[in-house]
$ cat upload_18.cif   # mmCIF, C-alpha atoms
data_final
#
loop_
_atom_site.group_PDB
_atom_site.id
_atom_site.type_symbol
_atom_site.label_atom_id
_atom_site.label_comp_id
_atom_site.auth_asym_id
_atom_site.auth_seq_id
_atom_site.Cartn_x
_atom_site.Cartn_y
_atom_site.Cartn_z
ATOM 1 C CA MET A 24 5.145 27.582 -32.040
ATOM 2 C CA MET A 25 4.830 25.137 -29.139
ATOM 3 C CA ASP A 26 6.552 26.235 -25.935
ATOM 4 C CA ALA A 27 9.057 23.490 -25.046
ATOM 5 C CA ARG A 28 8.138 23.999 -21.377
ATOM 6 C CA THR A 29 4.476 23.147 -21.995
ATOM 7 C CA ILE A 30 3.301 20.206 -19.902
ATOM 8 C CA GLY A 31 0.342 18.057 -20.829
ATOM 9 C CA PHE A 32 -1.623 16.879 -17.792
ATOM 10 C CA ILE A 33 -4.306 14.186 -17.977
ATOM 11 C CA GLY A 34 -6.336 13.290 -14.894
ATOM 12 C CA LEU A 35 -7.588 16.152 -12.730
ATOM 13 C CA GLY A 36 -9.080 14.320 -9.779
ATOM 14 C CA GLN A 37 -8.338 14.720 -6.080
ATOM 15 C CA MET A 38 -4.623 14.162 -6.634
ATOM 16 C CA GLY A 39 -4.137 15.338 -10.217
ATOM 17 C CA GLY A 40 -5.982 18.630 -9.818
ATOM 18 C CA PRO A 41 -3.763 19.985 -7.023
ATOM 19 C CA MET A 42 -0.628 18.632 -8.708
ATOM 20 C CA ALA A 43 -1.479 20.348 -11.995
ATOM 21 C CA GLY A 44 -2.225 23.534 -10.092
ATOM 22 C CA ARG A 45 1.243 23.528 -8.568
ATOM 23 C CA LEU A 46 2.851 23.265 -12.002
ATOM 24 C CA LEU A 47 0.686 26.069 -13.324
ATOM 25 C CA ARG A 48 1.594 28.354 -10.428
ATOM 26 C CA ALA A 49 5.264 27.498 -10.981
ATOM 27 C CA GLY A 50 4.981 29.079 -14.412
ATOM 28 C CA TYR A 51 4.700 26.014 -16.647
ATOM 29 C CA PRO A 52 2.282 26.414 -19.579
ATOM 30 C CA LEU A 53 -0.285 23.658 -19.090
ATOM 31 C CA VAL A 54 -2.521 21.735 -21.495
ATOM 32 C CA VAL A 55 -5.063 19.657 -19.577
ATOM 33 C CA HIS A 56 -7.596 16.930 -20.225
ATOM 34 C CA ASP A 57 -9.951 14.888 -18.083
ATOM 35 C CA ALA A 58 -12.823 12.514 -18.772
ATOM 36 C CA ARG A 59 -14.936 15.044 -16.861
ATOM 37 C CA PRO A 60 -14.421 18.446 -18.512
ATOM 38 C CA GLU A 61 -15.831 20.204 -15.446
ATOM 39 C CA ALA A 62 -12.825 18.999 -13.432
ATOM 40 C CA ALA A 63 -10.610 21.302 -15.483
ATOM 41 C CA LYS A 64 -12.489 24.517 -14.718
ATOM 42 C CA PRO A 65 -10.378 25.669 -11.723
ATOM 43 C CA LEU A 66 -7.227 25.235 -13.799
ATOM 44 C CA LEU A 67 -8.687 26.886 -16.882
ATOM 45 C CA ASP A 68 -9.641 29.836 -14.696
ATOM 46 C CA GLN A 69 -5.963 30.101 -13.722
ATOM 47 C CA GLY A 70 -4.716 30.052 -17.313
ATOM 48 C CA ALA A 71 -4.425 26.407 -18.328
ATOM 49 C CA ASN A 72 -5.527 25.393 -21.816
ATOM 50 C CA TRP A 73 -8.067 22.671 -22.528
ATOM 51 C CA ALA A 74 -7.429 19.754 -24.903
ATOM 52 C CA GLU A 75 -10.386 17.782 -26.233
ATOM 53 C CA SER A 76 -8.605 14.411 -26.186
ATOM 54 C CA PRO A 77 -5.379 12.695 -25.132
ATOM 55 C CA ALA A 78 -4.240 12.916 -28.749
ATOM 56 C CA ALA A 79 -4.721 16.685 -28.633
ATOM 57 C CA VAL A 80 -2.546 16.812 -25.520
ATOM 58 C CA ALA A 81 0.265 14.923 -27.272
ATOM 59 C CA ARG A 82 0.094 17.295 -30.241
ATOM 60 C CA ARG A 83 0.731 20.273 -27.976
ATOM 61 C CA ALA A 84 3.165 18.947 -25.356
ATOM 62 C CA THR A 85 6.224 16.702 -25.302
ATOM 63 C CA THR A 86 6.177 16.221 -21.523
ATOM 64 C CA ILE A 87 2.926 14.551 -20.491
ATOM 65 C CA ILE A 88 1.736 13.528 -17.030
ATOM 66 C CA THR A 89 -1.042 11.002 -16.519
ATOM 67 C CA ILE A 90 -2.669 10.214 -13.176
ATOM 68 C CA VAL A 91 -5.939 8.293 -13.448
ATOM 69 C CA PRO A 92 -7.635 5.550 -11.391
ATOM 70 C CA SER A 93 -5.968 2.413 -12.765
ATOM 71 C CA SER A 94 -4.070 0.649 -15.556
ATOM 72 C CA ILE A 95 -7.386 0.215 -17.375
ATOM 73 C CA GLU A 96 -7.700 3.968 -17.847
ATOM 74 C CA VAL A 97 -3.988 4.339 -18.637
ATOM 75 C CA ARG A 98 -4.247 1.787 -21.441
ATOM 76 C CA ALA A 99 -7.309 3.564 -22.828
ATOM 77 C CA LEU A 100 -5.507 6.927 -22.716
ATOM 78 C CA LEU A 101 -2.663 5.522 -24.777
ATOM 79 C CA THR A 102 -4.309 3.101 -27.178
ATOM 80 C CA GLY A 103 -7.930 4.225 -27.457
ATOM 81 C CA THR A 104 -9.518 6.323 -30.164
ATOM 82 C CA GLU A 105 -7.717 9.676 -30.111
ATOM 83 C CA GLY A 106 -5.213 8.148 -27.683
ATOM 84 C CA LEU A 107 -1.769 9.488 -26.882
ATOM 85 C CA LEU A 108 0.028 6.964 -29.079
ATOM 86 C CA SER A 109 -1.679 8.278 -32.193
ATOM 87 C CA THR A 110 0.099 11.644 -31.954
ATOM 88 C CA LEU A 111 2.941 11.105 -29.474
ATOM 89 C CA GLN A 112 5.985 12.971 -30.785
ATOM 90 C CA PRO A 113 9.489 11.466 -30.922
ATOM 91 C CA GLY A 114 11.492 12.587 -27.913
ATOM 92 C CA SER A 115 8.399 12.984 -25.733
ATOM 93 C CA VAL A 116 8.451 11.904 -22.090
ATOM 94 C CA LEU A 117 5.364 10.339 -20.521
ATOM 95 C CA LEU A 118 5.318 10.506 -16.721
ATOM 96 C CA GLU A 119 2.796 7.867 -15.687
ATOM 97 C CA MET A 120 1.874 8.716 -12.093
ATOM 98 C CA THR A 121 -1.133 6.425 -11.637
ATOM 99 C CA THR A 122 -0.936 3.554 -9.168
ATOM 100 C CA SER A 123 -0.783 0.953 -11.922
ATOM 101 C CA ASP A 124 -0.031 -2.687 -12.598
ATOM 102 C CA PRO A 125 3.733 -3.031 -13.278
ATOM 103 C CA ALA A 126 3.202 -5.659 -15.994
ATOM 104 C CA VAL A 127 0.845 -3.348 -17.891
ATOM 105 C CA THR A 128 3.271 -0.481 -17.415
ATOM 106 C CA ARG A 129 6.096 -2.446 -19.029
ATOM 107 C CA GLU A 130 3.831 -3.381 -21.939
ATOM 108 C CA LEU A 131 2.769 0.224 -22.526
ATOM 109 C CA ALA A 132 6.329 1.496 -22.140
ATOM 110 C CA ALA A 133 7.335 -0.685 -25.101
ATOM 111 C CA LEU A 134 4.578 0.884 -27.219
ATOM 112 C CA VAL A 135 5.726 4.358 -26.214
ATOM 113 C CA GLU A 136 9.323 3.462 -27.058
ATOM 114 C CA ALA A 137 8.217 2.295 -30.507
ATOM 115 C CA ARG A 138 7.061 5.877 -31.104
ATOM 116 C CA GLY A 139 10.520 7.196 -30.278
ATOM 117 C CA ALA A 140 9.391 8.447 -26.881
ATOM 118 C CA VAL A 141 9.980 7.231 -23.328
ATOM 119 C CA LEU A 142 7.765 6.325 -20.367
ATOM 120 C CA LEU A 143 8.722 6.703 -16.728
ATOM 121 C CA ASP A 144 6.405 5.263 -14.090
ATOM 122 C CA ALA A 145 6.342 7.752 -11.228
ATOM 123 C CA PRO A 146 3.544 6.981 -8.746
ATOM 124 C CA VAL A 147 3.194 9.121 -5.645
ATOM 125 C CA SER A 148 2.468 8.786 -1.943
ATOM 126 C CA GLY A 149 1.396 11.479 0.472
ATOM 127 C CA GLY A 150 -2.293 11.912 -0.152
ATOM 128 C CA VAL A 151 -4.267 14.995 -1.080
ATOM 129 C CA LYS A 152 -2.398 17.072 1.493
ATOM 130 C CA GLY A 153 0.917 16.143 -0.109
ATOM 131 C CA ALA A 154 -0.463 16.927 -3.565
ATOM 132 C CA ARG A 155 -1.553 20.379 -2.442
ATOM 133 C CA GLU A 156 1.672 21.173 -0.587
ATOM 134 C CA GLY A 157 4.146 19.604 -3.003
ATOM 135 C CA THR A 158 5.466 17.188 -0.380
ATOM 136 C CA LEU A 159 4.703 13.911 -2.143
ATOM 137 C CA SER A 160 7.089 10.973 -2.259
ATOM 138 C CA ILE A 161 7.659 9.985 -5.904
ATOM 139 C CA MET A 162 8.889 6.502 -6.869
ATOM 140 C CA VAL A 163 10.351 6.436 -10.369
ATOM 141 C CA GLY A 164 10.965 3.476 -12.653
ATOM 142 C CA GLY A 165 12.809 3.853 -15.940
ATOM 143 C CA ALA A 166 15.930 5.483 -17.328
ATOM 144 C CA GLU A 167 17.759 7.449 -14.673
ATOM 145 C CA ALA A 168 19.038 9.976 -17.229
ATOM 146 C CA VAL A 169 15.465 10.796 -18.236
ATOM 147 C CA LEU A 170 14.539 11.197 -14.593
ATOM 148 C CA GLU A 171 17.276 13.810 -14.236
ATOM 149 C CA ASP A 172 15.838 15.689 -17.213
ATOM 150 C CA VAL A 173 12.381 15.895 -15.629
ATOM 151 C CA ARG A 174 13.492 16.225 -12.013
ATOM 152 C CA PRO A 175 12.739 19.997 -11.946
ATOM 153 C CA ILE A 176 9.123 19.216 -12.845
ATOM 154 C CA LEU A 177 8.822 16.414 -10.296
ATOM 155 C CA GLY A 178 10.464 18.676 -7.737
ATOM 156 C CA ARG A 179 7.440 20.967 -7.940
ATOM 157 C CA LEU A 180 5.249 18.026 -6.964
ATOM 158 C CA GLY A 181 7.256 16.088 -4.414
ATOM 159 C CA ALA A 182 9.802 16.558 -1.660
ATOM 160 C CA LYS A 183 11.341 13.103 -2.011
ATOM 161 C CA ILE A 184 12.100 11.630 -5.437
ATOM 162 C CA PHE A 185 13.484 8.095 -5.617
ATOM 163 C CA HIS A 186 14.861 6.248 -8.620
ATOM 164 C CA VAL A 187 13.677 2.700 -7.899
ATOM 165 C CA GLY A 188 14.875 0.733 -10.921
ATOM 166 C CA PRO A 189 13.760 -0.134 -14.468
ATOM 167 C CA VAL A 190 10.341 0.617 -15.954
ATOM 168 C CA GLY A 191 7.645 -0.873 -13.739
ATOM 169 C CA ALA A 192 9.706 -0.712 -10.556
ATOM 170 C CA GLY A 193 8.075 2.531 -9.457
ATOM 171 C CA HIS A 194 4.620 1.042 -9.762
ATOM 172 C CA ALA A 195 5.765 -2.119 -7.977
ATOM 173 C CA MET A 196 7.081 -0.028 -5.084
ATOM 174 C CA LYS A 197 3.820 1.911 -4.854
ATOM 175 C CA LEU A 198 1.861 -1.340 -4.509
ATOM 176 C CA VAL A 199 4.284 -2.458 -1.785
ATOM 177 C CA ASN A 200 3.771 0.859 -0.010
ATOM 178 C CA ASN A 201 -0.005 0.666 -0.228
ATOM 179 C CA VAL A 202 -0.272 -2.823 1.208
ATOM 180 C CA CYS A 203 1.807 -1.658 4.183
ATOM 181 C CA SER A 204 -0.452 1.377 4.576
ATOM 182 C CA ALA A 205 -3.637 -0.684 4.298
ATOM 183 C CA ALA A 206 -2.523 -3.358 6.734
ATOM 184 C CA ALA A 207 -1.156 -0.845 9.259
ATOM 185 C CA LEU A 208 -4.490 0.971 9.342
ATOM 186 C CA LEU A 209 -6.394 -2.246 9.974
ATOM 187 C CA VAL A 210 -4.116 -3.629 12.676
ATOM 188 C CA THR A 211 -3.991 -0.250 14.412
ATOM 189 C CA ALA A 212 -7.781 -0.014 14.381
ATOM 190 C CA GLU A 213 -8.104 -3.542 15.728
ATOM 191 C CA ALA A 214 -5.533 -2.876 18.455
ATOM 192 C CA VAL A 215 -7.142 0.418 19.485
ATOM 193 C CA ALA A 216 -10.490 -1.375 19.649
ATOM 194 C CA VAL A 217 -8.907 -3.932 21.995
ATOM 195 C CA ALA A 218 -7.461 -1.091 24.078
ATOM 196 C CA THR A 219 -10.876 0.547 24.265
ATOM 197 C CA ARG A 220 -12.504 -2.685 25.415
ATOM 198 C CA ALA A 221 -9.758 -2.896 28.045
ATOM 199 C CA GLY A 222 -10.838 0.474 29.428
ATOM 200 C CA ILE A 223 -8.331 2.733 27.669
ATOM 201 C CA ASP A 224 -9.522 5.906 25.968
ATOM 202 C CA PRO A 225 -8.930 5.423 22.199
ATOM 203 C CA ALA A 226 -7.365 8.856 21.784
ATOM 204 C CA ARG A 227 -4.987 8.104 24.654
ATOM 205 C CA ALA A 228 -4.084 4.766 23.082
ATOM 206 C CA VAL A 229 -3.241 6.518 19.814
ATOM 207 C CA ASP A 230 -1.170 9.144 21.659
ATOM 208 C CA ILE A 231 0.918 6.384 23.193
ATOM 209 C CA LEU A 232 1.298 4.451 19.945
ATOM 210 C CA GLN A 233 2.586 7.608 18.267
ATOM 211 C CA VAL A 234 5.609 7.715 20.584
ATOM 212 C CA SER A 235 6.130 3.967 20.975
ATOM 213 C CA SER A 236 7.307 1.039 18.862
ATOM 214 C CA GLY A 237 3.797 0.453 17.476
ATOM 215 C CA ARG A 238 3.899 3.775 15.645
ATOM 216 C CA SER A 239 2.859 3.946 11.976
ATOM 217 C CA ASN A 240 1.316 6.416 9.557
ATOM 218 C CA ALA A 241 -2.043 5.149 10.821
ATOM 219 C CA SER A 242 -1.356 6.236 14.413
ATOM 220 C CA ASP A 243 0.653 9.282 13.427
ATOM 221 C CA TRP A 244 -1.717 10.767 10.865
ATOM 222 C CA LYS A 245 -4.831 8.828 9.891
ATOM 223 C CA PHE A 246 -6.218 8.212 13.367
ATOM 224 C CA PRO A 247 -5.754 11.776 14.675
ATOM 225 C CA GLN A 248 -6.919 13.466 11.470
ATOM 226 C CA PHE A 249 -9.592 11.235 9.988
ATOM 227 C CA ILE A 250 -10.755 8.571 12.457
ATOM 228 C CA LEU A 251 -10.853 9.979 15.981
ATOM 229 C CA THR A 252 -12.474 13.069 14.458
ATOM 230 C CA GLY A 253 -15.044 10.990 12.565
ATOM 231 C CA ARG A 254 -14.175 12.845 9.336
ATOM 232 C CA PHE A 255 -13.212 9.800 7.235
ATOM 233 C CA ASP A 256 -12.104 12.040 4.377
ATOM 234 C CA ALA A 257 -8.434 11.326 3.646
ATOM 235 C CA GLY A 258 -9.228 11.430 -0.084
ATOM 236 C CA PHE A 259 -8.748 7.817 -1.201
ATOM 237 C CA ALA A 260 -11.778 5.606 -1.851
ATOM 238 C CA ILE A 261 -12.158 2.040 -0.608
ATOM 239 C CA ARG A 262 -12.626 0.795 -4.189
ATOM 240 C CA LEU A 263 -9.214 2.211 -5.089
ATOM 241 C CA MET A 264 -7.590 0.576 -2.084
ATOM 242 C CA VAL A 265 -9.052 -2.775 -3.152
ATOM 243 C CA LYS A 266 -7.710 -2.186 -6.667
ATOM 244 C CA ASP A 267 -4.233 -1.569 -5.284
ATOM 245 C CA LEU A 268 -4.350 -4.568 -2.956
ATOM 246 C CA ASP A 269 -5.413 -6.760 -5.866
ATOM 247 C CA GLY A 270 -2.468 -5.367 -7.833
ATOM 248 C CA TYR A 271 -0.151 -6.209 -4.947
ATOM 249 C CA ALA A 272 -1.535 -9.763 -4.855
ATOM 250 C CA ARG A 273 -0.742 -10.188 -8.554
ATOM 251 C CA LEU A 274 2.752 -8.846 -7.978
ATOM 252 C CA ALA A 275 3.278 -11.228 -5.055
ATOM 253 C CA ARG A 276 2.247 -14.165 -7.246
ATOM 254 C CA GLU A 277 4.543 -13.018 -10.047
ATOM 255 C CA THR A 278 7.476 -12.826 -7.647
ATOM 256 C CA GLY A 279 6.637 -16.122 -5.924
ATOM 257 C CA VAL A 280 6.171 -14.617 -2.455
ATOM 258 C CA PRO A 281 3.291 -15.877 -0.247
ATOM 259 C CA SER A 282 0.963 -13.047 0.732
ATOM 260 C CA LEU A 283 -0.935 -14.211 3.798
ATOM 261 C CA LEU A 284 -1.112 -10.811 5.475
ATOM 262 C CA GLY A 285 -1.696 -8.875 2.269
ATOM 263 C CA THR A 286 -4.577 -11.211 1.461
ATOM 264 C CA ALA A 287 -6.082 -10.764 4.919
ATOM 265 C CA ALA A 288 -5.943 -6.976 4.561
ATOM 266 C CA ALA A 289 -7.529 -7.152 1.116
ATOM 267 C CA GLU A 290 -10.391 -9.268 2.422
ATOM 268 C CA CYS A 291 -11.227 -6.687 5.093
ATOM 269 C CA TYR A 292 -11.508 -3.941 2.497
ATOM 270 C CA ARG A 293 -13.462 -6.282 0.233
ATOM 271 C CA MET A 294 -15.969 -6.760 3.062
ATOM 272 C CA ALA A 295 -16.438 -3.000 3.033
ATOM 273 C CA LEU A 296 -17.112 -3.183 -0.707
ATOM 274 C CA ALA A 297 -19.755 -5.827 -0.060
ATOM 275 C CA ARG A 298 -21.380 -3.442 2.426
ATOM 276 C CA GLY A 299 -21.779 -0.793 -0.292
ATOM 277 C CA MET A 300 -18.867 1.352 0.911
ATOM 278 C CA ALA A 301 -16.968 1.483 -2.406
ATOM 279 C CA GLU A 302 -17.007 5.280 -2.674
ATOM 280 C CA GLU A 303 -16.373 5.941 1.006
ATOM 281 C CA ASP A 304 -12.911 6.935 2.148
ATOM 282 C CA HIS A 305 -10.573 4.036 2.911
ATOM 283 C CA THR A 306 -10.316 5.158 6.535
ATOM 284 C CA ALA A 307 -14.030 4.366 6.896
ATOM 285 C CA VAL A 308 -13.106 0.665 6.954
ATOM 286 C CA VAL A 309 -12.571 1.309 10.676
ATOM 287 C CA ARG A 310 -16.362 1.386 11.042
ATOM 288 C CA LEU A 311 -16.409 -2.354 10.360
ATOM 289 C CA ILE A 312 -13.914 -2.982 13.153
ATOM 290 C CA GLU A 313 -15.961 -0.794 15.476
ATOM 291 C CA GLU A 314 -19.000 -2.915 14.635
ATOM 292 C CA TRP A 315 -17.194 -6.217 15.166
ATOM 293 C CA ALA A 316 -15.650 -5.043 18.446
ATOM 294 C CA ARG A 317 -18.825 -3.275 19.609
ATOM 295 C CA VAL A 318 -16.922 -0.064 20.380
ATOM 296 C CA GLN A 319 -16.703 3.402 18.935
ATOM 297 C CA LEU A 320 -13.271 4.902 18.304
ATOM 298 C CA ARG A 321 -14.446 8.408 17.468
ATOM 299 C CA GLY A 322 -15.261 11.650 19.219
ATOM 300 C CA GLY A 323 -12.761 11.611 22.052
ATOM 301 C CA LYS A 324 -13.475 9.559 25.158
ATOM 302 C CA GLU A 325 -15.724 6.655 24.231
ATOM 303 C CA LYS A 326 -17.217 3.710 26.051
ATOM 304 C CA SER A 327 -17.808 0.173 24.875
ATOM 305 C CA VAL A 328 -21.286 -0.333 23.425
#
$ encode --input "upload_18.cif" --output "structure tokens"
Amino acid sequence: MMDARTIGFIGLGQMGGPMAGRLLRAGYPLVVHDARPEAAKPLLDQGANWAESPAAVARRATTIITIVPSSIEVRALLTGTEGLLSTLQPGSVLLEMTTSDPAVTRELAALVEARGAVLLDAPVSGGVKGAREGTLSIMVGGAEAVLEDVRPILGRLGAKIFHVGPVGAGHAMKLVNNVCSAAALLVTAEAVAVATRAGIDPARAVDILQVSSGRSNASDWKFPQFILTGRFDAGFAIRLMVKDLDGYARLARETGVPSLLGTAAAECYRMALARGMAEEDHTAVVRLIEEWARVQLRGGKEKSV
């Protein structure tokens, strides 16, 4: 007999793996699947069960979490051969935690509803650190009553859970968040490069930004942890940032809002793609600004070059 507490989890990458691990350690029986079976090994070693396909997950769990790279993969998980829709049980809840296209999310939610199940879009913010520590922000679109039913599960993953609005609103909010994050990183890097050229130590400039009105997540976290140190390993690839910025651009067009600054940010990351940096961490885009400004913003006290 299937344990009603069993959670199906699809997508065991840098975010999904730690998130699934938290649920497993919280005592939830877990059925997992990933396009790369080797990604499941740490969880299987801890007691999770493997499913050979999304359909196999839906046969064994009525609460299913998906977190994959994009709407393309989400659609394939649902509608492909051995997809979730082929075996999704009435009454099931699909928590779609990918950073996805809201229009696609609404389309897929209708297909899920036709099976007698329900989809909530519940993308997250907080990075790999937040996934490991359970401190993610979770933005939920869909029926508020269903959110209350699954809140204990989401509470194992995030510290802040927001009901944003109808299906698709969570994914829309995540795109809005990511364009702010992307643009803040770029403008902070540009400004710190200007400060460096003006004779100010880049680390000192960041220290001051952190306690002044120019503060952002970029100055507060990304610069100290991943840029000044030269690590460039926040856990989010440049190609994924471009995907999200393209999604934001589509959303801006759909809503009729000009996106001059969002477009400018996207073009900077697209330049990094053109330089072969697709798989590098998104914080590595700062290397382009260093090159343009002829300064280095890493390793403590630096001089113009």
$ closest_residue --input "upload_18.cif" --among "A:Leu180, A:Val190, A:Leu251, A:Ala218" --to "Glu167 (chain A)" --atoms "only C-alpha atoms"
A:Val190
$ closest_atom_pairs --input "upload_18.cif" --of "region 158-219 of chain A" --to "region 288-295 of chain A" --cutoff "9 Å" --atoms "all atoms listed in the file" --output "Markdown table"
| residue | atom | partner | partner_atom | distance |
| --- | --- | --- | --- | --- |
| A:Val202 | CA | A:Ala288 | CA | 7.8 |
| A:Ala205 | CA | A:Ala288 | CA | 6.7 |
| A:Ala206 | CA | A:Ala288 | CA | 5.4 |
| A:Leu209 | CA | A:Ala288 | CA | 7.2 |
| A:Val210 | CA | A:Ala288 | CA | 9.0 |
$ resolve_selection --input "upload_18.cif" --expression "the PyMOL selection byres ((chain A and resi 83) around 9)" --output "list in words"
Met25, Asp26, Thr29, Ile30, Gly31, Val54, Ala74, Ala78, Ala79, Val80, Ala81, Arg82, Ala84 and Thr85 of chain A
$ residues_around --input "upload_18.cif" --residues "Asp304 (chain A)" --least-positions-apart "6" --cutoff "12 Å" --atoms "only C-alpha atoms" --output "number ranges by chain"
A: 150, 245, 249-250, 253-265, 292, 295-296, 310
$ resolve_selection --input "upload_18.cif" --expression "the PyMOL selection byres ((chain A and resi 105) around 7)" --output "MDAnalysis selection string"
chainID A and resid 76:78 103:104 106:107 109
$ write_last_selection --input "upload_18.cif" --atoms "C-alpha atoms" --output "compact mmCIF listing (two decimals), keeping the file's coordinate frame"
# COMPACT_ATOMS: atom_id res chain seq x y z
CA SER A 76 -8.60 14.41 -26.19
CA PRO A 77 -5.38 12.70 -25.13
CA ALA A 78 -4.24 12.92 -28.75
CA GLY A 103 -7.93 4.22 -27.46
CA THR A 104 -9.52 6.32 -30.16
CA GLY A 106 -5.21 8.15 -27.68
CA LEU A 107 -1.77 9.49 -26.88
CA SER A 109 -1.68 8.28 -32.19
$ decode --input "upload_18.cif" --residues "region 149-178 of chain A" --atoms "C-alpha atoms" --output "PDB file, in the first residue's frame"
ATOM      1  CA  GLY A 149      17.946  31.685  -2.084  1.00  0.00           C
ATOM      2  CA  GLY A 150      20.476  29.700  -4.044  1.00  0.00           C
ATOM      3  CA  VAL A 151      22.240  26.471  -3.187  1.00  0.00           C
ATOM      4  CA  LYS A 152      22.922  27.681   0.348  1.00  0.00           C
ATOM      5  CA  GLY A 153      19.211  28.255   0.909  1.00  0.00           C
ATOM      6  CA  ALA A 154      18.399  24.839  -0.550  1.00  0.00           C
ATOM      7  CA  ARG A 155      20.819  23.151   1.829  1.00  0.00           C
ATOM      8  CA  GLU A 156      19.704  25.102   4.898  1.00  0.00           C
ATOM      9  CA  GLY A 157      15.970  25.198   4.214  1.00  0.00           C
ATOM     10  CA  THR A 158      15.892  28.999   4.118  1.00  0.00           C
ATOM     11  CA  LEU A 159      14.537  29.483   0.602  1.00  0.00           C
ATOM     12  CA  SER A 160      11.876  32.022  -0.301  1.00  0.00           C
ATOM     13  CA  ILE A 161       9.002  30.229  -2.065  1.00  0.00           C
ATOM     14  CA  MET A 162       6.562  32.095  -4.331  1.00  0.00           C
ATOM     15  CA  VAL A 163       3.348  30.151  -4.857  1.00  0.00           C
ATOM     16  CA  GLY A 164       0.725  30.546  -7.563  1.00  0.00           C
ATOM     17  CA  GLY A 165      -2.532  28.615  -7.469  1.00  0.00           C
ATOM     18  CA  ALA A 166      -5.283  27.711  -5.031  1.00  0.00           C
ATOM     19  CA  GLU A 167      -4.551  29.032  -1.571  1.00  0.00           C
ATOM     20  CA  ALA A 168      -6.366  26.111   0.080  1.00  0.00           C
ATOM     21  CA  VAL A 169      -4.049  23.656  -1.668  1.00  0.00           C
ATOM     22  CA  LEU A 170      -1.064  25.684  -0.541  1.00  0.00           C
ATOM     23  CA  GLU A 171      -2.218  25.289   3.058  1.00  0.00           C
ATOM     24  CA  ASP A 172      -2.407  21.524   2.560  1.00  0.00           C
ATOM     25  CA  VAL A 173       1.207  21.329   1.375  1.00  0.00           C
ATOM     26  CA  ARG A 174       2.617  24.085   3.573  1.00  0.00           C
ATOM     27  CA  PRO A 175       4.238  21.568   5.988  1.00  0.00           C
ATOM     28  CA  ILE A 176       6.223  20.153   3.063  1.00  0.00           C
ATOM     29  CA  LEU A 177       7.223  23.576   1.749  1.00  0.00           C
ATOM     30  CA  GLY A 178       8.118  24.583   5.291  1.00  0.00           C
TER      31      GLY A 178
END
